[in-house]
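Content type mmCIF, C-alpha atoms and all ligand atoms, from the file data14.cif:
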data_structure
#
loop_
_atom_site.label_atom_id
_atom_site.label_comp_id
_atom_site.auth_asym_id
_atom_site.auth_seq_id
_atom_site.Cartn_x
_atom_site.Cartn_y
_atom_site.Cartn_z
CA MET A 1 -12.37 16.74 31.61
CA GLY A 2 -11.10 13.28 32.71
CA GLU A 3 -9.02 11.02 30.48
CA GLN A 4 -10.95 9.59 27.51
CA PHE A 5 -10.45 6.05 26.21
CA MET A 6 -10.75 4.32 22.87
CA ARG A 7 -10.60 0.75 21.62
CA ALA A 8 -7.47 -0.33 19.74
CA TRP A 9 -5.89 -3.55 18.55
CA CYS A 10 -2.57 -3.70 20.41
CA LEU A 11 0.47 -5.89 19.98
CA GLU A 12 1.57 -7.81 23.00
CA SER A 13 5.07 -8.28 21.61
CA ARG A 14 6.89 -6.80 24.59
CA ILE A 15 5.40 -9.37 26.94
CA GLY A 16 5.96 -12.87 25.61
CA PRO A 17 5.00 -14.13 22.16
CA PRO A 18 3.58 -11.48 19.81
CA GLY A 19 -0.17 -11.44 19.33
CA LEU A 20 -3.05 -9.03 19.09
CA SER A 21 -5.56 -8.04 21.69
CA LEU A 22 -8.39 -5.52 21.68
CA ARG A 23 -7.78 -3.08 24.52
CA GLU A 24 -9.03 0.16 25.98
CA VAL A 25 -6.21 2.69 25.70
CA PRO A 26 -6.09 6.43 26.36
CA ASP A 27 -7.30 8.62 23.50
CA PRO A 28 -4.46 10.21 21.53
CA VAL A 29 -3.94 13.88 22.36
CA PRO A 30 -3.02 15.86 19.23
CA ALA A 31 0.14 17.98 19.34
CA ALA A 32 -0.05 21.57 18.08
CA ASP A 33 0.76 20.48 14.51
CA GLU A 34 -1.56 17.47 14.49
CA PHE A 35 -5.15 16.62 13.58
CA LEU A 36 -7.24 14.26 15.70
CA ILE A 37 -9.17 11.88 13.46
CA GLU A 38 -12.18 9.65 14.17
CA ILE A 39 -11.33 6.59 12.10
CA GLU A 40 -14.12 5.13 9.94
CA GLY A 41 -12.15 2.56 8.00
CA SER A 42 -8.71 0.99 7.83
CA ALA A 43 -7.17 -1.97 5.98
CA LEU A 44 -4.67 -4.81 6.15
CA ASN A 45 -1.23 -5.03 4.57
CA ARG A 46 1.37 -7.76 4.30
CA ALA A 47 3.67 -5.78 6.59
CA ASP A 48 1.08 -6.21 9.37
CA LEU A 49 1.69 -9.96 9.33
CA LEU A 50 5.40 -9.39 9.88
CA GLN A 51 4.63 -6.90 12.61
CA THR A 52 2.30 -9.28 14.46
CA LYS A 53 5.15 -11.82 14.38
CA GLY A 54 7.44 -9.25 15.93
CA LEU A 55 9.53 -8.96 12.74
CA TYR A 56 8.71 -5.42 11.63
CA PRO A 57 8.50 -3.25 14.73
CA ALA A 58 6.64 0.01 14.54
CA PRO A 59 8.13 3.19 15.96
CA GLU A 60 8.45 3.06 19.77
CA ALA A 61 5.11 3.80 21.48
CA GLU A 62 3.45 3.11 24.79
CA HIS A 63 0.89 0.86 23.09
CA GLU A 64 2.08 -0.71 19.85
CA ILE A 65 -0.99 -0.33 17.64
CA PRO A 66 -0.50 -1.59 14.06
CA GLY A 67 -2.34 -0.20 11.03
CA LEU A 68 -0.78 1.82 8.23
CA GLU A 69 -3.74 3.61 6.65
CA PHE A 70 -7.21 4.97 7.32
CA VAL A 71 -10.13 7.10 6.25
CA GLY A 72 -11.90 9.20 8.86
CA ARG A 73 -13.32 12.54 9.94
CA ILE A 74 -11.45 15.42 11.53
CA LEU A 75 -12.45 15.79 15.21
CA GLU A 76 -9.93 18.40 16.35
CA ILE A 77 -7.33 20.61 14.70
CA GLY A 78 -4.15 21.51 16.61
CA ALA A 79 -3.38 25.22 16.91
CA GLU A 80 -0.62 25.08 14.26
CA ALA A 81 -1.88 22.13 12.23
CA GLN A 82 -2.27 22.50 8.49
CA LEU A 83 -2.19 20.41 5.37
CA ASN A 84 1.13 21.00 3.75
CA PHE A 85 0.16 21.33 0.11
CA ASP A 86 1.07 24.19 -2.13
CA SER A 87 -2.47 25.25 -3.02
CA GLY A 88 -4.71 22.69 -1.40
CA PRO A 89 -8.05 23.58 0.16
CA SER A 90 -8.19 24.23 3.89
CA VAL A 91 -10.12 21.75 6.05
CA LYS A 92 -12.46 22.00 9.03
CA THR A 93 -13.73 19.63 11.69
CA GLY A 94 -16.09 17.05 10.26
CA ASP A 95 -14.23 16.90 6.93
CA ARG A 96 -13.18 13.51 5.67
CA VAL A 97 -9.50 12.69 5.09
CA VAL A 98 -7.38 9.74 4.09
CA GLY A 99 -4.10 9.15 5.91
CA LEU A 100 -0.83 7.24 5.69
CA VAL A 101 0.87 6.44 9.01
CA ALA A 102 3.71 4.27 10.29
CA ALA A 103 1.41 2.73 12.93
CA GLY A 104 -1.78 3.32 14.92
CA ALA A 105 -4.63 2.99 12.39
CA TRP A 106 -6.24 -0.08 14.01
CA ALA A 107 -7.88 2.15 16.59
CA GLU A 108 -10.94 4.35 16.93
CA ARG A 109 -8.94 7.58 16.88
CA ILE A 110 -5.50 8.74 15.79
CA ALA A 111 -3.46 11.97 15.97
CA VAL A 112 -1.60 12.71 12.73
CA PRO A 113 0.47 15.58 11.29
CA GLY A 114 -1.37 17.31 8.46
CA ALA A 115 1.45 16.48 6.04
CA LEU A 116 0.27 12.87 5.94
CA LEU A 117 -3.39 13.59 5.16
CA VAL A 118 -5.19 13.85 1.85
CA PRO A 119 -8.62 15.55 2.03
CA LEU A 120 -11.58 13.96 0.27
CA PRO A 121 -14.15 16.00 -1.65
CA GLU A 122 -17.09 17.09 0.53
CA ASP A 123 -19.58 14.70 -1.00
CA ALA A 124 -17.24 11.68 -1.10
CA ALA A 125 -18.21 8.66 0.95
CA ALA A 126 -15.59 6.80 2.98
CA GLY A 127 -16.23 3.78 0.74
CA ALA A 128 -13.09 1.74 0.29
CA ARG A 129 -10.74 4.61 0.97
CA GLY A 130 -9.53 3.23 4.28
CA GLY A 131 -7.46 0.94 2.07
CA ILE A 132 -6.06 3.40 -0.42
CA ALA A 133 -3.15 5.29 1.14
CA GLU A 134 -0.45 2.67 1.73
CA CYS A 135 -0.60 0.96 -1.65
CA ALA A 136 -1.43 3.95 -3.86
CA LEU A 137 1.39 6.05 -2.38
CA THR A 138 3.89 3.17 -2.48
CA VAL A 139 3.07 2.41 -6.11
CA PHE A 140 3.05 6.07 -7.18
CA ASP A 141 6.43 6.58 -5.52
CA ALA A 142 8.00 3.41 -6.92
CA LEU A 143 6.61 3.51 -10.45
CA ARG A 144 6.24 7.18 -11.19
CA LEU A 145 8.77 9.04 -9.04
CA GLN A 146 11.49 6.41 -9.11
CA GLY A 147 10.64 4.45 -12.26
CA GLU A 148 9.48 7.36 -14.45
CA LEU A 149 6.30 5.59 -15.51
CA SER A 150 4.76 7.20 -18.59
CA ALA A 151 2.23 6.65 -21.36
CA GLY A 152 2.88 3.89 -23.87
CA GLN A 153 5.19 1.88 -21.61
CA ASP A 154 4.93 -1.80 -20.74
CA VAL A 155 5.08 -2.35 -16.99
CA LEU A 156 5.46 -5.70 -15.23
CA VAL A 157 4.06 -5.82 -11.69
CA HIS A 158 4.54 -9.01 -9.70
CA ALA A 159 1.87 -10.43 -7.35
CA GLY A 160 -0.94 -8.75 -9.31
CA SER A 161 -3.57 -9.90 -6.81
CA SER A 162 -1.93 -8.18 -3.85
CA GLY A 163 -3.00 -4.82 -2.46
CA ILE A 164 0.06 -3.38 -4.17
CA GLY A 165 -0.62 -5.22 -7.44
CA THR A 166 -4.23 -4.10 -7.72
CA ALA A 167 -3.30 -0.50 -6.82
CA ALA A 168 -0.63 -0.66 -9.53
CA LEU A 169 -3.22 -1.84 -12.07
CA ARG A 170 -5.19 1.37 -11.50
CA ILE A 171 -2.15 3.65 -11.56
CA VAL A 172 -0.42 2.09 -14.57
CA HIS A 173 -3.63 2.45 -16.61
CA GLU A 174 -4.16 5.99 -15.31
CA TYR A 175 -0.81 6.92 -16.91
CA GLY A 176 -1.74 5.19 -20.18
CA ALA A 177 0.72 2.31 -19.88
CA ARG A 178 0.13 -1.44 -20.23
CA PHE A 179 -0.11 -3.61 -17.09
CA LEU A 180 1.52 -7.05 -17.21
CA THR A 181 1.39 -9.20 -14.11
CA THR A 182 1.96 -12.55 -12.41
CA ALA A 183 -0.43 -14.49 -10.17
CA SER A 184 -1.30 -17.97 -8.92
CA SER A 185 -3.68 -19.97 -11.18
CA ARG A 186 -6.88 -19.35 -9.20
CA LYS A 187 -6.48 -15.56 -9.38
CA CYS A 188 -5.59 -15.12 -13.06
CA GLY A 189 -9.14 -14.97 -14.45
CA ALA A 190 -10.23 -12.25 -12.01
CA LEU A 191 -7.18 -10.14 -12.85
CA ARG A 192 -7.97 -10.41 -16.57
CA GLU A 193 -11.53 -9.30 -15.83
CA LEU A 194 -10.15 -6.30 -13.95
CA GLY A 195 -8.40 -5.27 -17.15
CA ALA A 196 -4.81 -6.54 -16.82
CA ASP A 197 -3.22 -6.59 -20.27
CA LEU A 198 -1.26 -9.79 -19.61
CA VAL A 199 -1.61 -12.17 -16.67
CA VAL A 200 1.01 -14.90 -16.35
CA ASP A 201 0.08 -17.91 -14.25
CA TYR A 202 3.39 -18.35 -12.46
CA GLU A 203 2.44 -21.89 -11.39
CA SER A 204 2.41 -23.16 -14.97
CA SER A 205 4.58 -20.72 -16.99
CA GLU A 206 7.92 -18.92 -16.83
CA PHE A 207 6.99 -15.25 -16.56
CA ALA A 208 10.06 -13.92 -18.41
CA GLU A 209 9.27 -16.00 -21.50
CA ALA A 210 5.58 -15.05 -21.41
CA VAL A 211 6.47 -11.35 -21.09
CA LEU A 212 8.96 -11.52 -23.97
CA GLU A 213 6.40 -13.25 -26.18
CA PHE A 214 3.70 -10.67 -25.33
CA THR A 215 6.04 -7.76 -26.04
CA GLU A 216 7.33 -9.39 -29.27
CA GLY A 217 10.79 -9.79 -27.83
CA ARG A 218 11.20 -6.18 -26.69
CA GLY A 219 10.71 -6.73 -22.94
CA VAL A 220 9.21 -4.26 -20.48
CA ASP A 221 10.25 -0.71 -19.65
CA LEU A 222 9.65 -0.99 -15.93
CA ILE A 223 9.23 -3.71 -13.29
CA LEU A 224 7.62 -3.27 -9.87
CA ASP A 225 9.17 -6.16 -8.03
CA THR A 226 7.58 -7.47 -4.86
CA LEU A 227 9.29 -10.87 -5.15
CA GLY A 228 12.98 -10.05 -4.84
CA GLY A 229 15.56 -12.85 -4.60
CA GLU A 230 14.54 -15.68 -6.88
CA ALA A 231 12.95 -13.44 -9.50
CA LEU A 232 16.00 -11.25 -10.05
CA GLY A 233 17.49 -13.14 -13.01
CA ALA A 234 14.19 -13.56 -14.85
CA ASN A 235 13.29 -9.91 -14.22
CA LEU A 236 16.50 -8.78 -15.87
CA ARG A 237 15.93 -11.17 -18.80
CA CYS A 238 12.57 -9.64 -19.69
CA LEU A 239 13.62 -5.99 -19.12
CA LYS A 240 14.18 -3.67 -22.10
CA PRO A 241 17.57 -2.04 -22.55
CA ARG A 242 17.74 1.02 -20.25
CA GLY A 243 14.75 -0.34 -18.29
CA THR A 244 14.29 -0.03 -14.54
CA ILE A 245 13.48 -2.54 -11.80
CA VAL A 246 12.17 -1.11 -8.51
CA THR A 247 12.26 -3.70 -5.74
CA ILE A 248 9.81 -3.02 -2.90
CA GLY A 249 9.12 -6.50 -1.52
CA LEU A 250 10.85 -9.77 -0.79
CA LEU A 251 8.02 -12.30 -1.04
CA ALA A 252 10.40 -14.75 -2.76
CA GLY A 253 13.48 -14.03 -0.67
CA ALA A 254 16.13 -11.42 0.07
CA ARG A 255 18.96 -13.01 -1.91
CA GLY A 256 19.33 -13.94 -5.56
CA ASP A 257 21.79 -14.26 -8.43
CA LEU A 258 22.40 -11.09 -10.39
CA ASP A 259 24.11 -11.33 -13.79
CA LEU A 260 26.10 -8.10 -13.66
CA GLY A 261 27.13 -8.56 -17.30
CA ARG A 262 23.48 -8.46 -18.35
CA LEU A 263 22.79 -5.49 -16.05
CA MET A 264 25.68 -3.66 -17.69
CA MET A 265 24.87 -4.59 -21.28
CA LYS A 266 21.23 -3.57 -20.81
CA ARG A 267 22.31 -0.37 -19.07
CA ALA A 268 19.56 -1.28 -16.64
CA THR A 269 18.75 0.36 -13.32
CA LEU A 270 17.98 -1.64 -10.19
CA LYS A 271 16.52 0.31 -7.27
CA GLY A 272 15.27 -0.64 -3.83
CA SER A 273 12.72 1.32 -1.86
CA VAL A 274 10.79 1.33 1.38
CA LEU A 275 8.15 3.76 2.59
CA ARG A 276 7.41 3.26 6.26
CA SER A 277 10.82 4.13 7.70
CA ARG A 278 11.04 7.47 5.85
CA GLY A 279 10.97 10.69 7.83
CA ILE A 280 7.96 12.98 7.89
CA GLU A 281 9.47 15.51 5.43
CA GLU A 282 10.03 12.83 2.81
CA LYS A 283 6.54 11.43 3.28
CA ALA A 284 5.06 14.93 3.13
CA ALA A 285 6.83 15.56 -0.18
CA LEU A 286 5.48 12.27 -1.52
CA VAL A 287 1.90 13.07 -0.46
CA ALA A 288 2.22 16.51 -2.08
CA SER A 289 3.47 15.06 -5.40
CA PHE A 290 0.73 12.45 -5.34
CA ARG A 291 -1.92 15.15 -4.92
CA ARG A 292 -0.40 17.25 -7.69
CA GLU A 293 -0.29 14.42 -10.22
CA LEU A 294 -3.13 12.12 -9.22
CA GLY A 295 -5.37 14.38 -7.11
CA LEU A 296 -8.15 14.46 -9.70
CA ALA A 297 -8.09 10.71 -10.29
CA PHE A 298 -8.08 10.16 -6.51
CA ALA A 299 -11.02 12.50 -5.92
CA ALA A 300 -13.00 10.96 -8.77
CA GLY A 301 -12.55 7.48 -7.27
CA ARG A 302 -10.52 6.13 -10.19
CA LEU A 303 -7.79 4.95 -7.80
CA ASP A 304 -10.18 3.33 -5.32
CA PRO A 305 -8.93 -0.07 -4.23
CA VAL A 306 -10.14 -3.35 -5.61
CA VAL A 307 -12.01 -4.67 -2.56
CA ASP A 308 -11.52 -8.30 -1.62
CA SER A 309 -13.60 -8.31 1.57
CA ARG A 310 -14.64 -6.22 4.56
CA PHE A 311 -14.38 -7.16 8.22
CA SER A 312 -15.78 -5.29 11.20
CA PHE A 313 -13.24 -3.87 13.65
CA LEU A 314 -14.06 -6.67 16.10
CA HIS A 315 -13.34 -9.31 13.45
CA LEU A 316 -10.02 -7.84 12.32
CA PRO A 317 -8.05 -11.00 13.27
CA GLN A 318 -10.20 -13.07 10.86
CA GLY A 319 -9.25 -10.66 8.09
CA LEU A 320 -5.60 -11.05 9.00
CA GLU A 321 -5.94 -14.82 8.76
CA ARG A 322 -7.41 -14.48 5.26
CA LEU A 323 -4.42 -12.31 4.28
CA ARG A 324 -1.96 -14.79 5.80
CA ARG A 325 -3.49 -17.66 3.83
CA ARG A 326 -3.28 -15.67 0.56
CA LYS A 327 -6.99 -16.17 -0.10
CA HIS A 328 -7.57 -12.57 -1.11
CA LEU A 329 -7.51 -10.54 -4.31
CA GLY A 330 -7.24 -6.81 -3.63
CA LYS A 331 -7.65 -5.11 -0.27
CA ILE A 332 -9.10 -6.48 2.94
CA LEU A 333 -10.90 -3.54 4.56
CA ILE A 334 -11.70 -2.96 8.21
CA ASP A 335 -14.91 -1.05 8.99
CA LEU A 336 -15.04 0.84 12.26
CA GLU A 337 -18.32 2.68 11.90
CA SER A 338 -20.51 -0.41 12.34
CA SER A 339 -18.35 -2.01 15.07
N1 LIG B 401 8.67 -1.11 0.24
C1 LIG B 401 7.52 -0.61 0.63
O1 LIG B 401 7.43 0.55 1.03
C2 LIG B 401 6.29 -1.47 0.58
C3 LIG B 401 5.02 -0.93 0.87
C4 LIG B 401 3.90 -1.76 0.78
C5 LIG B 401 4.07 -3.10 0.43
N2 LIG B 401 5.31 -3.59 0.18
C6 LIG B 401 5.53 -5.00 -0.19
O2 LIG B 401 4.72 -5.33 -1.29
C7 LIG B 401 4.37 -6.71 -1.22
C8 LIG B 401 2.87 -6.86 -1.34
O3 LIG B 401 2.26 -6.29 -0.17
P1 LIG B 401 0.68 -6.32 -0.03
O4 LIG B 401 0.33 -5.81 1.32
O5 LIG B 401 0.07 -5.69 -1.22
O6 LIG B 401 0.44 -7.93 -0.10
P2 LIG B 401 -0.86 -8.80 -0.03
O7 LIG B 401 -2.06 -8.01 -0.38
O8 LIG B 401 -0.83 -9.56 1.23
O9 LIG B 401 -0.65 -9.85 -1.25
C9 LIG B 401 0.33 -10.80 -1.28
C10 LIG B 401 0.07 -11.70 -2.52
O10 LIG B 401 1.31 -11.88 -3.18
C11 LIG B 401 1.28 -13.11 -3.88
N3 LIG B 401 2.54 -13.82 -3.69
C12 LIG B 401 3.38 -14.21 -4.67
N4 LIG B 401 4.42 -14.83 -4.17
C13 LIG B 401 4.27 -14.88 -2.84
C14 LIG B 401 5.04 -15.42 -1.78
N5 LIG B 401 6.19 -16.06 -2.00
N6 LIG B 401 4.56 -15.27 -0.51
C15 LIG B 401 3.41 -14.61 -0.25
N7 LIG B 401 2.64 -14.09 -1.25
C16 LIG B 401 3.06 -14.22 -2.53
C17 LIG B 401 0.08 -13.91 -3.32
O11 LIG B 401 -0.87 -14.01 -4.38
P3 LIG B 401 -0.86 -15.30 -5.34
O12 LIG B 401 -1.92 -16.21 -4.80
O13 LIG B 401 -1.16 -14.77 -6.70
O14 LIG B 401 0.49 -15.91 -5.23
C18 LIG B 401 -0.42 -13.07 -2.17
O15 LIG B 401 -1.80 -13.13 -2.01
C19 LIG B 401 4.93 -7.24 0.12
O16 LIG B 401 6.17 -7.83 -0.15
C20 LIG B 401 5.10 -5.98 0.92
O17 LIG B 401 6.09 -6.11 1.90
C21 LIG B 401 6.40 -2.80 0.25
#

Using structure tokens, write down the structure that the file contains.
Ligand SMILES: NC(=O)c1ccc[n+]([C@@H]2O[C@H](COP(=O)([O-])OP(=O)(O)OC[C@H]3O[C@@H](n4cnc5c(N)ncnc54)[C@H](OP(=O)(O)O)[C@@H]3O)[C@@H](O)[C@H]2O)c1
Amino acid sequence: MGEQFMRAWCLESRIGPPGLSLREVPDPVPAADEFLIEIEGSALNRADLLQTKGLYPAPEAEHEIPGLEFVGRILEIGAEAQLNFDSGPSVKTGDRVVGLVAAGAWAERIAVPGALLVPLPEDAAAGARGGIAECALTVFDALRLQGELSAGQDVLVHAGSSGIGTAALRIVHEYGARFLTTASSRKCGALRELGADLVVDYESSEFAEAVLEFTEGRGVDLILDTLGGEALGANLRCLKPRGTIVTIGLLAGARGDLDLGRLMMKRATLKGSVLRSRGIEEKAALVASFRRELGLAFAAGRLDPVVDSRFSFLHLPQGLERLRRRKHLGKILIDLESS
């Protein structure tokens, strides 16, 4: 059979200024340990904006195709390919899976090692699941595995309206903890309606003071920090003794003032974490833990993303513009089926 082609959004970063173009590229050919997936849906993430500016390069590839997550159906199974879970169900062609990848999801097909796939129940629709993997796995890793999230805690998550923030809302409540968050004025009402326990309008209030008032002076157990730099001091001020801050984003800058005296006196922990650059074994272990702890909630749809909007594959750049302008609340999904 001759070479097959698919459509993919490709970065032109190696020839002049970065930008996206829709191209015909050769179909991926799965290695022995890989699955070939027909992608039905994907989504947009803040990291994509950096990547399209040439600031967050994906792993070296012939065609640099962005896209960190997808939902799709299994087309082919490599001879040695398997899902790497302790007691997970086996899968067959036609089954639907969700996947986390370092690149390549803005395309019609993708070849992926089984370790990075989570199967969906047979009767589950693709729905919004093209936008679940990146944020749910990042939040689970940061809050639960690194921050030891547990029932009864107070958890502050910055940028509540982001893909990460809205995924955290679901996960924090799933563990029986309270979700405190920050957002710009126009997004606060919607976050309250989604069930956030405290929403601080960061344009009109100091979040540390609002958090301390809400927690009657105790502060929070855990902070998921997507702001970084400027927020460091205030984060530490509203953290409980022996609390933990996990920094996963630098929306407000990479440098800030840290009062080491306060860090010491609070016996606080400050951690930094990133997902994409991790090796396959580490990601596989994360996917396995996620399935063990949150598999039922995932299958039942309780972790499904808050959907901001949906764009067809052809209109992906318009979705990216919406993300860039911070107009959204929740995930911007990309639908391939109808394109
Ligand atoms: N370390 C990791 O592995 C990892 C993985 C995934 C994501 N992240 C990080 O998590 C953060 C959120 O990612 P995402 O894809 O969920 O973002 P997103 O959906 O694009 O949301 C970003 C939102 O953050 C809020 N925000 C607050 N301060 C901001 C600022 N200075 N600049 C831009 N936005 C600001 C905005 O809402 P308001 O209108 O309310 O301000 C904006 O809409 C990013 O920093 C991303 O790099 C890290």

Counting all atoms listed in the file, what are the residues of chain A within 8 Å of ligand LIG 401 (chain B), and for each of them which pair of atoms is the nearest and at what distance in Å, to one decimal? Sort the table by chain and rising number, as CSV.
residue,atom,partner,partner_atom,distance
A:Leu44,CA,B:LIG401,O4,7.0
A:Asn45,CA,B:LIG401,O4,3.7
A:Arg46,CA,B:LIG401,O4,3.7
A:Ala47,CA,B:LIG401,O17,5.3
A:Glu134,CA,B:LIG401,C4,6.3
A:Cys135,CA,B:LIG401,C4,5.8
A:Thr138,CA,B:LIG401,C3,5.4
A:Val139,CA,B:LIG401,C3,8.0
A:His158,CA,B:LIG401,C12,7.3
A:Ala159,CA,B:LIG401,C11,4.4
A:Gly160,CA,B:LIG401,O13,6.6
A:Ser161,CA,B:LIG401,O13,5.4
A:Ser162,CA,B:LIG401,O9,3.3
A:Gly163,CA,B:LIG401,O5,3.4
A:Ile164,CA,B:LIG401,O5,3.7
A:Gly165,CA,B:LIG401,O5,6.3
A:Thr166,CA,B:LIG401,O5,8.0
A:Thr182,CA,B:LIG401,O13,6.9
A:Ala183,CA,B:LIG401,O13,3.6
A:Ser184,CA,B:LIG401,O13,3.9
A:Ser185,CA,B:LIG401,O13,7.3
A:Arg186,CA,B:LIG401,O12,7.3
A:Lys187,CA,B:LIG401,O13,6.0
A:Cys188,CA,B:LIG401,O13,7.8
A:Thr226,CA,B:LIG401,C7,4.9
A:Leu227,CA,B:LIG401,N4,6.4
A:Thr247,CA,B:LIG401,N1,7.4
A:Ile248,CA,B:LIG401,N1,3.8
A:Gly249,CA,B:LIG401,O16,3.5
A:Leu250,CA,B:LIG401,O16,5.1
A:Leu251,CA,B:LIG401,N5,4.3
A:Ala252,CA,B:LIG401,N5,4.5
A:Gly253,CA,B:LIG401,N5,7.7
A:Gly272,CA,B:LIG401,N1,7.8
A:Ser273,CA,B:LIG401,N1,5.2
A:Val274,CA,B:LIG401,N1,3.4
A:Leu275,CA,B:LIG401,O1,3.6
A:Arg276,CA,B:LIG401,O1,5.9
A:Leu323,CA,B:LIG401,O8,5.5
A:Arg324,CA,B:LIG401,O8,7.0
A:Arg325,CA,B:LIG401,O15,7.6
A:Arg326,CA,B:LIG401,O15,3.9
A:Lys327,CA,B:LIG401,O15,6.3
A:His328,CA,B:LIG401,O15,5.9
A:Leu329,CA,B:LIG401,O15,6.7
A:Gly330,CA,B:LIG401,O7,6.2
A:Lys331,CA,B:LIG401,O7,6.3
A:Ile332,CA,B:LIG401,O7,7.9

Output C-alpha atoms of each residue in that selection to a file, as a short mmCIF file (atom, residue, chain, number, x, y, z; two decimals), keeping the file's coordinate frame.
data_model
loop_
_atom_site.label_atom_id
_atom_site.label_comp_id
_atom_site.auth_asym_id
_atom_site.auth_seq_id
_atom_site.Cartn_x
_atom_site.Cartn_y
_atom_site.Cartn_z
CA LEU A 44 -4.67 -4.81 6.15
CA ASN A 45 -1.23 -5.03 4.57
CA ARG A 46 1.37 -7.76 4.30
CA ALA A 47 3.67 -5.78 6.59
CA GLU A 134 -0.45 2.67 1.73
CA CYS A 135 -0.60 0.96 -1.65
CA THR A 138 3.89 3.17 -2.48
CA VAL A 139 3.07 2.41 -6.11
CA HIS A 158 4.54 -9.01 -9.70
CA ALA A 159 1.87 -10.43 -7.35
CA GLY A 160 -0.94 -8.75 -9.31
CA SER A 161 -3.57 -9.90 -6.81
CA SER A 162 -1.93 -8.18 -3.85
CA GLY A 163 -3.00 -4.82 -2.46
CA ILE A 164 0.06 -3.38 -4.17
CA GLY A 165 -0.62 -5.22 -7.44
CA THR A 166 -4.23 -4.10 -7.72
CA THR A 182 1.96 -12.55 -12.41
CA ALA A 183 -0.43 -14.49 -10.17
CA SER A 184 -1.30 -17.97 -8.92
CA SER A 185 -3.68 -19.97 -11.18
CA ARG A 186 -6.88 -19.35 -9.20
CA LYS A 187 -6.48 -15.56 -9.38
CA CYS A 188 -5.59 -15.12 -13.06
CA THR A 226 7.58 -7.47 -4.86
CA LEU A 227 9.29 -10.87 -5.15
CA THR A 247 12.26 -3.70 -5.74
CA ILE A 248 9.81 -3.02 -2.90
CA GLY A 249 9.12 -6.50 -1.52
CA LEU A 250 10.85 -9.77 -0.79
CA LEU A 251 8.02 -12.30 -1.04
CA ALA A 252 10.40 -14.75 -2.76
CA GLY A 253 13.48 -14.03 -0.67
CA GLY A 272 15.27 -0.64 -3.83
CA SER A 273 12.72 1.32 -1.86
CA VAL A 274 10.79 1.33 1.38
CA LEU A 275 8.15 3.76 2.59
CA ARG A 276 7.41 3.26 6.26
CA LEU A 323 -4.42 -12.31 4.28
CA ARG A 324 -1.96 -14.79 5.80
CA ARG A 325 -3.49 -17.66 3.83
CA ARG A 326 -3.28 -15.67 0.56
CA LYS A 327 -6.99 -16.17 -0.10
CA HIS A 328 -7.57 -12.57 -1.11
CA LEU A 329 -7.51 -10.54 -4.31
CA GLY A 330 -7.24 -6.81 -3.63
CA LYS A 331 -7.65 -5.11 -0.27
CA ILE A 332 -9.10 -6.48 2.94
#

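Here atom CA of A:Ala299 and atom CA of A:Val157 stand 24.4 Å from one another.
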
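Atom CA of A:Ala136 lies 13.1 Å from atom CA of A:Lys283.
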
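Remark: for A:Ile65, the closest of the candidate residues A:Glu40, A:Glu230, A:Glu24, A:Asp335 is A:Glu24 (distances computed over only C-alpha atoms).
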
Shell around stretch 232-235 of chain A at 7 Å using only C-alpha atoms, local window under 4 positions removed, as a count of residues only:
7

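Nearest residue to A:Gly67 among A:Ile280, A:Leu320, A:Leu294, A:Leu236 is A:Leu320, counting only C-alpha atoms.
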
Please measure the separation of atom CA of A:Gly130 and atom CA of A:Ser42, giving the value in Å to one decimal.
4.3 Å

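Comparing A:Thr215, A:Tyr175, A:Glu337, A:Ser204 by their smallest distance to A:Ser312, the closest is A:Glu337 (using only C-alpha atoms).
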
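Proximity of A:Phe290, A:Gly176, A:Lys240, A:Arg170 to A:Leu303, computed with only C-alpha atoms, is greatest for A:Arg170.
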
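Distance annotation: of A:Leu20, A:Leu263, A:Glu69, A:Leu198, the residue with the minimal separation from A:Leu49 is A:Leu20; atom set is only C-alpha atoms.
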
Which is closest to A:Leu222 among A:Arg237, A:Glu148, A:Leu286, A:Ser277, if we use all atoms listed in the file?
A:Glu148

A:Glu64 environment, 8 Å, all atoms listed in the file, sequence neighbours closer than 5 positions dropped, as a PyMOL selection string
chain A and resi 10-12+58+103-104

A:Leu180: which residues within 10 Å, counting all atoms listed in the file, same-chain residues fewer than 4 positions away excluded, as JSON, numbers by chain?
{"A": [154, 155, 156, 157, 158, 160, 169, 172, 196, 197, 198, 199, 200, 207, 210, 211, 214, 215, 220, 223]}

Test item: residues at most 9 Å from A:Glu38, only C-alpha atoms, excluding those fewer than 4 positions along its chain, as a list of chain:residue names:
A:Val71, A:Gly72, A:Arg73, A:Ile74, A:Leu75, A:Ala107, A:Glu108, A:Arg109, A:Ile110

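Residues in contact range of A:Phe298, defined as at most 12 Å between only C-alpha atoms, with sequence neighbours fewer than 4 positions away removed, read A:Val97, A:Val98, A:Val118, A:Pro119, A:Leu120, A:Pro121, A:Ala124, A:Ala128, A:Arg129, A:Ile132, A:Ala133, A:Ala136, A:Leu137, A:Phe140, A:Ala167, A:Arg170, A:Ile171, A:Glu174, A:Phe290, A:Arg291, A:Arg292, A:Glu293, A:Leu294, A:Arg302, A:Leu303, A:Asp304, A:Pro305.
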